[in-house]
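One file, start.pdb, is given below (PDB, C-alpha atoms).
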```pdb
MODEL        1
ATOM      1  CA  MET A   3     -18.810 -55.644-105.251
ATOM      2  CA  ASN A   4     -19.595 -51.949-105.578
ATOM      3  CA  GLU A   5     -22.957 -52.349-103.834
ATOM      4  CA  GLN A   6     -21.269 -53.822-100.771
ATOM      5  CA  HIS A   7     -18.959 -50.802-100.585
ATOM      6  CA  ARG A   8     -21.973 -48.466-100.878
ATOM      7  CA  VAL A   9     -23.711 -50.253 -97.999
ATOM      8  CA  ALA A  10     -20.523 -50.225 -95.898
ATOM      9  CA  ALA A  11     -20.118 -46.477 -96.457
ATOM     10  CA  PHE A  12     -23.764 -45.874 -95.545
ATOM     11  CA  VAL A  13     -23.460 -47.958 -92.374
ATOM     12  CA  ASP A  14     -20.303 -46.048 -91.424
ATOM     13  CA  GLU A  15     -21.772 -42.631 -92.208
ATOM     14  CA  TYR A  16     -24.889 -43.184 -90.129
ATOM     15  CA  GLY A  17     -23.315 -45.165 -87.291
ATOM     16  CA  LEU A  18     -25.254 -48.350 -88.028
ATOM     17  CA  GLU A  19     -22.482 -50.762 -87.100
ATOM     18  CA  THR A  20     -23.553 -53.850 -85.173
ATOM     19  CA  ASP A  21     -22.387 -57.385 -84.524
ATOM     20  CA  LEU A  22     -22.662 -60.400 -86.795
ATOM     21  CA  ALA A  23     -25.461 -62.081 -84.827
ATOM     22  CA  TYR A  24     -27.671 -59.006 -85.067
ATOM     23  CA  ARG A  25     -26.990 -58.708 -88.808
ATOM     24  CA  ALA A  26     -28.012 -62.350 -89.332
ATOM     25  CA  LEU A  27     -31.199 -61.897 -87.323
ATOM     26  CA  ASP A  28     -31.978 -58.699 -89.209
ATOM     27  CA  LEU A  29     -31.622 -60.563 -92.512
ATOM     28  CA  GLU A  30     -34.011 -63.243 -91.272
ATOM     29  CA  SER A  31     -36.519 -60.531 -90.434
ATOM     30  CA  GLU A  32     -36.228 -58.902 -93.863
ATOM     31  CA  ILE A  33     -36.678 -62.247 -95.645
ATOM     32  CA  GLY A  34     -39.707 -62.857 -93.441
ATOM     33  CA  GLU A  35     -41.207 -59.578 -94.655
ATOM     34  CA  ILE A  36     -40.785 -60.743 -98.257
ATOM     35  CA  ALA A  37     -42.413 -64.074 -97.435
ATOM     36  CA  LYS A  38     -45.295 -62.254 -95.753
ATOM     37  CA  GLU A  39     -45.869 -60.138 -98.863
ATOM     38  CA  VAL A  40     -45.970 -63.245-101.029
ATOM     39  CA  ALA A  41     -48.259 -65.031 -98.584
ATOM     40  CA  THR A  42     -50.748 -62.186 -98.399
ATOM     41  CA  SER A  43     -50.643 -61.312-102.107
ATOM     42  CA  THR A  44     -51.408 -64.939-103.015
ATOM     43  CA  ASP A  45     -54.134 -65.300-100.396
ATOM     44  CA  TYR A  46     -51.817 -67.654 -98.546
ATOM     45  CA  GLY A  47     -51.057 -69.754-101.620
ATOM     46  CA  ARG A  48     -54.562 -69.996-103.040
ATOM     47  CA  ASN A  49     -53.638 -67.783-106.003
ATOM     48  CA  PRO A  50     -49.910 -68.240-106.730
ATOM     49  CA  ASP A  51     -50.115 -66.220-109.949
ATOM     50  CA  ALA A  52     -50.889 -63.119-107.873
ATOM     51  CA  ALA A  53     -47.550 -63.239-106.034
ATOM     52  CA  ALA A  54     -46.133 -59.753-105.545
ATOM     53  CA  ILE A  55     -43.188 -58.230-103.728
ATOM     54  CA  ALA A  56     -42.515 -54.515-103.324
ATOM     55  CA  SER A  57     -39.124 -53.507-104.684
ATOM     56  CA  ASP A  58     -38.203 -51.735-101.455
ATOM     57  CA  GLU A  59     -38.545 -55.038 -99.589
ATOM     58  CA  ILE A  60     -36.026 -56.616-101.962
ATOM     59  CA  GLY A  61     -33.835 -53.555-101.381
ATOM     60  CA  ASP A  62     -34.100 -53.962 -97.609
ATOM     61  CA  ALA A  63     -33.062 -57.616 -97.883
ATOM     62  CA  LEU A  64     -30.148 -56.751-100.194
ATOM     63  CA  PHE A  65     -28.979 -53.978 -97.886
ATOM     64  CA  THR A  66     -29.080 -56.307 -94.912
ATOM     65  CA  LEU A  67     -27.346 -59.163 -96.749
ATOM     66  CA  LEU A  68     -24.562 -56.872 -97.967
ATOM     67  CA  ALA A  69     -24.170 -55.398 -94.473
ATOM     68  CA  LEU A  70     -23.939 -58.964 -93.135
ATOM     69  CA  ALA A  71     -21.268 -59.837 -95.699
ATOM     70  CA  GLU A  72     -19.302 -56.733 -94.732
ATOM     71  CA  THR A  73     -19.596 -57.520 -91.021
ATOM     72  CA  ALA A  74     -18.432 -61.100 -91.691
ATOM     73  CA  ASP A  75     -15.517 -59.781 -93.783
ATOM     74  CA  ILE A  76     -16.767 -61.676 -96.843
ATOM     75  CA  ASP A  77     -16.605 -60.180-100.320
ATOM     76  CA  ALA A  78     -20.172 -60.583-101.619
ATOM     77  CA  GLY A  79     -19.040 -60.641-105.240
ATOM     78  CA  GLU A  80     -16.582 -63.456-104.571
ATOM     79  CA  ALA A  81     -19.215 -65.356-102.581
ATOM     80  CA  LEU A  82     -21.627 -65.024-105.507
ATOM     81  CA  ASP A  83     -18.968 -66.293-107.913
ATOM     82  CA  GLU A  84     -18.433 -69.324-105.645
ATOM     83  CA  SER A  85     -22.150 -70.058-105.572
ATOM     84  CA  LEU A  86     -22.569 -69.731-109.327
ATOM     85  CA  ALA A  87     -19.667 -72.129-109.875
ATOM     86  CA  LYS A  88     -21.195 -74.575-107.383
ATOM     87  CA  TYR A  89     -24.605 -74.457-109.099
ATOM     88  CA  GLU A  90     -23.035 -74.801-112.531
ATOM     89  CA  ALA A  91     -21.108 -77.893-111.390
ATOM     90  CA  ARG A  92     -24.304 -79.425-109.975
ATOM     91  CA  ILE A  93     -26.204 -78.784-113.182
ATOM     92  CA  GLU A  94     -23.403 -80.279-115.247
ATOM     93  CA  SER A  95     -23.174 -83.383-113.077
ATOM     94  CA  SER A  96     -26.844 -84.039-112.310
ATOM     95  CA  GLY A  97     -28.895 -81.734-114.522
ATOM     96  CA  ASP A  98     -30.293 -80.015-111.419
ATOM     97  CA  ALA A  99     -29.098 -77.002-109.410
ATOM     98  CA  GLY A 100     -30.486 -78.398-106.136
ATOM     99  CA  SER A 101     -28.217 -79.956-103.545
ATOM    100  CA  GLY A 102     -30.163 -83.217-103.623
ATOM    101  CA  GLN A 103     -30.680 -83.207 -99.876
TER     102      GLN A 103
ENDMDL
END
```
Translate this file's structure into C-alpha cells.
Amino acid sequence: MNEQHRVAAFVDEYGLETDLAYRALDLESEIGEIAKEVATSTDYGRNPDAAAIASDEIGDALFTLLALAETADIDAGEALDESLAKYEARIESSGDAGSGQ
C-alpha cells in the first residue's frame, strides 16, 4: 500500500520510530479523539444527525494505523484484502457483515 510506504518514509525521516505497544496505544488515543468529536458534535448522542469529524482527525488515525502496520511488519493493503474477503464471506453466508458475537 503506497500510503503505508509514505508513512514509513515520514517516520524514518523524522526519527519517529517506536515500539509496537506505543503504536497501539497511540492508535487508541487517535480513535478516542474521533469518538470525542462525534460525542460533542451530537451533544452526546442527543442529535445524531449532527455528527461531525474533522478530516485531520481521520488523517491522524490513518497515519497511526499505517505506522502500526509497518511496525508490526504487516502489509496494510494485504490486511485490508483479508478483511474484505472475510466480510464478503459473512455477507454471503448470513446476509450480515457482523461477526455474530
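Among the candidate residues A:Thr66, A:Asp51, A:Glu59, A:Asp83, the one lying nearest to Glu39 (chain A) is A:Glu59, with distances computed using all atoms listed in the file.
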Checklist line | Residues matched by the PyMOL selection byres ((chain A and resi 21) around 12), written as a list in words | finding: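 So the PyMOL selection byres ((chain A and resi 21) around 12) ends up selecting Leu18, Glu19, Thr20, Leu22, Ala23, Tyr24, Arg25, Ala26, Leu27, Asp28, Ala69, Leu70, Ala71, Glu72, Thr73, Ala74 and Asp75 of chain A.
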Item checked: Of the listed residues A:Leu68, A:Ala87, A:Ala63, A:Glu30, that which approaches Ala99 (chain A) most closely, counting all atoms listed in the file ->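 Using all atoms listed in the file, the shortest distance to Ala99 (chain A) belongs to A:Ala87.
Of note, CA of Ala56 (chain A) and CA of Tyr16 (chain A) are spaced 24.8 Å apart.
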Next item on the list: Would you work out the distance separating CA of Val40 (chain A) from CA of Ser57 (chain A), expressed in Å to one decimal?
Entry: 12.5 Å
Notebook entry, point to check: Using all atoms listed in the file, which of the listed residues (A:Leu29, A:Ile55, A:Ser43, A:Leu67) sits closest to Glu5 (chain A)?
Noted result: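 Smallest separation from Glu5 (chain A) among the options: A:Leu67.
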Starting from the shown file, work through the PyMOL selection byres ((chain A and resi 101) around 12) and note down what comes out as a PDB file with C-alpha atoms, in the coordinates of the input.
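Wrote it out as expr-v8.pdb, contents follow:
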```
ATOM      1  CA  SER A  85     -22.150 -70.058-105.572  1.00  0.00           C
ATOM      2  CA  LYS A  88     -21.195 -74.575-107.383  1.00  0.00           C
ATOM      3  CA  TYR A  89     -24.605 -74.457-109.099  1.00  0.00           C
ATOM      4  CA  GLU A  90     -23.035 -74.801-112.531  1.00  0.00           C
ATOM      5  CA  ALA A  91     -21.108 -77.893-111.390  1.00  0.00           C
ATOM      6  CA  ARG A  92     -24.304 -79.425-109.975  1.00  0.00           C
ATOM      7  CA  ILE A  93     -26.204 -78.784-113.182  1.00  0.00           C
ATOM      8  CA  SER A  95     -23.174 -83.383-113.077  1.00  0.00           C
ATOM      9  CA  SER A  96     -26.844 -84.039-112.310  1.00  0.00           C
ATOM     10  CA  GLY A  97     -28.895 -81.734-114.522  1.00  0.00           C
ATOM     11  CA  ASP A  98     -30.293 -80.015-111.419  1.00  0.00           C
ATOM     12  CA  ALA A  99     -29.098 -77.002-109.410  1.00  0.00           C
ATOM     13  CA  GLY A 100     -30.486 -78.398-106.136  1.00  0.00           C
ATOM     14  CA  GLY A 102     -30.163 -83.217-103.623  1.00  0.00           C
ATOM     15  CA  GLN A 103     -30.680 -83.207 -99.876  1.00  0.00           C
TER      16      GLN A 103
END
```
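A straight line drawn from CA of Val13 (chain A) to CA of Phe65 (chain A) is 9.9 Å long.
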Ground truth for the PyMOL selection byres ((chain A and resi 53) around 12), written as a PDB file with C-alpha atoms, keeping the file's coordinate frame:
```
ATOM      1  CA  ILE A  36     -40.785 -60.743 -98.257  1.00  0.00           C
ATOM      2  CA  ALA A  37     -42.413 -64.074 -97.435  1.00  0.00           C
ATOM      3  CA  LYS A  38     -45.295 -62.254 -95.753  1.00  0.00           C
ATOM      4  CA  GLU A  39     -45.869 -60.138 -98.863  1.00  0.00           C
ATOM      5  CA  VAL A  40     -45.970 -63.245-101.029  1.00  0.00           C
ATOM      6  CA  ALA A  41     -48.259 -65.031 -98.584  1.00  0.00           C
ATOM      7  CA  THR A  42     -50.748 -62.186 -98.399  1.00  0.00           C
ATOM      8  CA  SER A  43     -50.643 -61.312-102.107  1.00  0.00           C
ATOM      9  CA  THR A  44     -51.408 -64.939-103.015  1.00  0.00           C
ATOM     10  CA  ASP A  45     -54.134 -65.300-100.396  1.00  0.00           C
ATOM     11  CA  TYR A  46     -51.817 -67.654 -98.546  1.00  0.00           C
ATOM     12  CA  GLY A  47     -51.057 -69.754-101.620  1.00  0.00           C
ATOM     13  CA  ARG A  48     -54.562 -69.996-103.040  1.00  0.00           C
ATOM     14  CA  ASN A  49     -53.638 -67.783-106.003  1.00  0.00           C
ATOM     15  CA  PRO A  50     -49.910 -68.240-106.730  1.00  0.00           C
ATOM     16  CA  ASP A  51     -50.115 -66.220-109.949  1.00  0.00           C
ATOM     17  CA  ALA A  52     -50.889 -63.119-107.873  1.00  0.00           C
ATOM     18  CA  ALA A  54     -46.133 -59.753-105.545  1.00  0.00           C
ATOM     19  CA  ILE A  55     -43.188 -58.230-103.728  1.00  0.00           C
ATOM     20  CA  ALA A  56     -42.515 -54.515-103.324  1.00  0.00           C
TER      21      ALA A  56
END
```
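For Ala78 (chain A), the list of residues within 7 Å, based on only C-alpha atoms and with local chain neighbours fewer than 2 positions off taken out, reads Met3, Gln6, Leu68, Ala71, Ile76, Glu80, Ala81 and Leu82 of chain A.
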